[in-house]
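Novice: Can you read through this structure? Questions will come right after.
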Amino acid sequence: MVRKLSALALGALALIAWAAPASAVEAGQPALGFTLPAVDAAAAPIALADYRGKVLYLEFWSSWCAPCRRSMPALDALRGNWPQERFEVVGLNLDTHRPDAVRFLEQASIGYPNALDLGGGTARRYGVSTLPAAFIINAEGMVELVLKGAQTEDFALISGVVERLVNR
């Protein structure tokens, strides 16, 4: 009984430590660089630096997150509103097992690049505590908008911000 309680207490502490951001990335700050393995094991790693010069919608998600599952197909459609040379969507998956992310992306037919943030290190650096969490990053690498718990209802706002940035 004591071991079970100790294990539960340690698990709760680990969850709190993971969820508590050391310092959150906010609008007006530079986006924090990362290089992460692609969900597609055959694809090259995904690095923030590869998107410099483009407006980027960066979304942290997980296959078990119901709002993520609803918003991702809409994000994929939104992606087609602007030329890929000017705008891209990149997902950072927080599942603990690659097959969960692969299965979801195959079922949902998501076409934008997705990386694995195994262990959640990048999410912690960005201060992510709610999923989905999104960051709109301008072509110069500065965060323009932070959306915590982003929903499809936010797409009018997202479209407006991206349109303004793409047409700068």
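Labels used: A, B, ... for chains in the order of the structure tokens, numbers from 1 for residues in each chain, and numbers from 1 for ligands as shown.
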Name all residues at most 8 Å from range 83-89 of chain A (count only C-alpha atoms; drop same-chain ones fewer than 4 positions away) and give them as a list in words.

Specialist: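 Counting only C-alpha atoms, the residues come to Tyr51, Gly53, Lys54, Val55, Leu56, Tyr57, Leu58, Glu59, Leu75, Asp76, Arg79, Tyr112, Pro113, Val162 and Val166 of chain A.
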
Novice: So which residues touch Ala115 in chain A within 10 Å, counting only C-alpha atoms, skipping near sequence neighbours fewer than 4 positions away, as a ChimeraX atom specification?

Specialist: /A:35-41,43-47,60,90-94,98,101

Novice: Taking only C-alpha atoms into account, name the residue in A:Asn167, A:Asn114, A:Thr96, A:Gln29 that is nearest to Ile136 in chain A.

Specialist: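 The answer is A:Gln29, which sits nearest to Ile136 in chain A.
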
Novice: Check the DSSP output for the backbone and give back, as a list in words, the residues of range 77-137 of chain A in alpha helix (DSSP H).

Specialist: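 Residues meeting the alpha helix (DSSP H) criterion: Ala77, Leu78, Arg79, Arg98, Pro99, Asp100, Ala101, Val102, Arg103, Phe104, Leu105, Glu106, Gln107, Ala108, Gly121, Thr122, Ala123, Arg124, Arg125 and Tyr126 of chain A.
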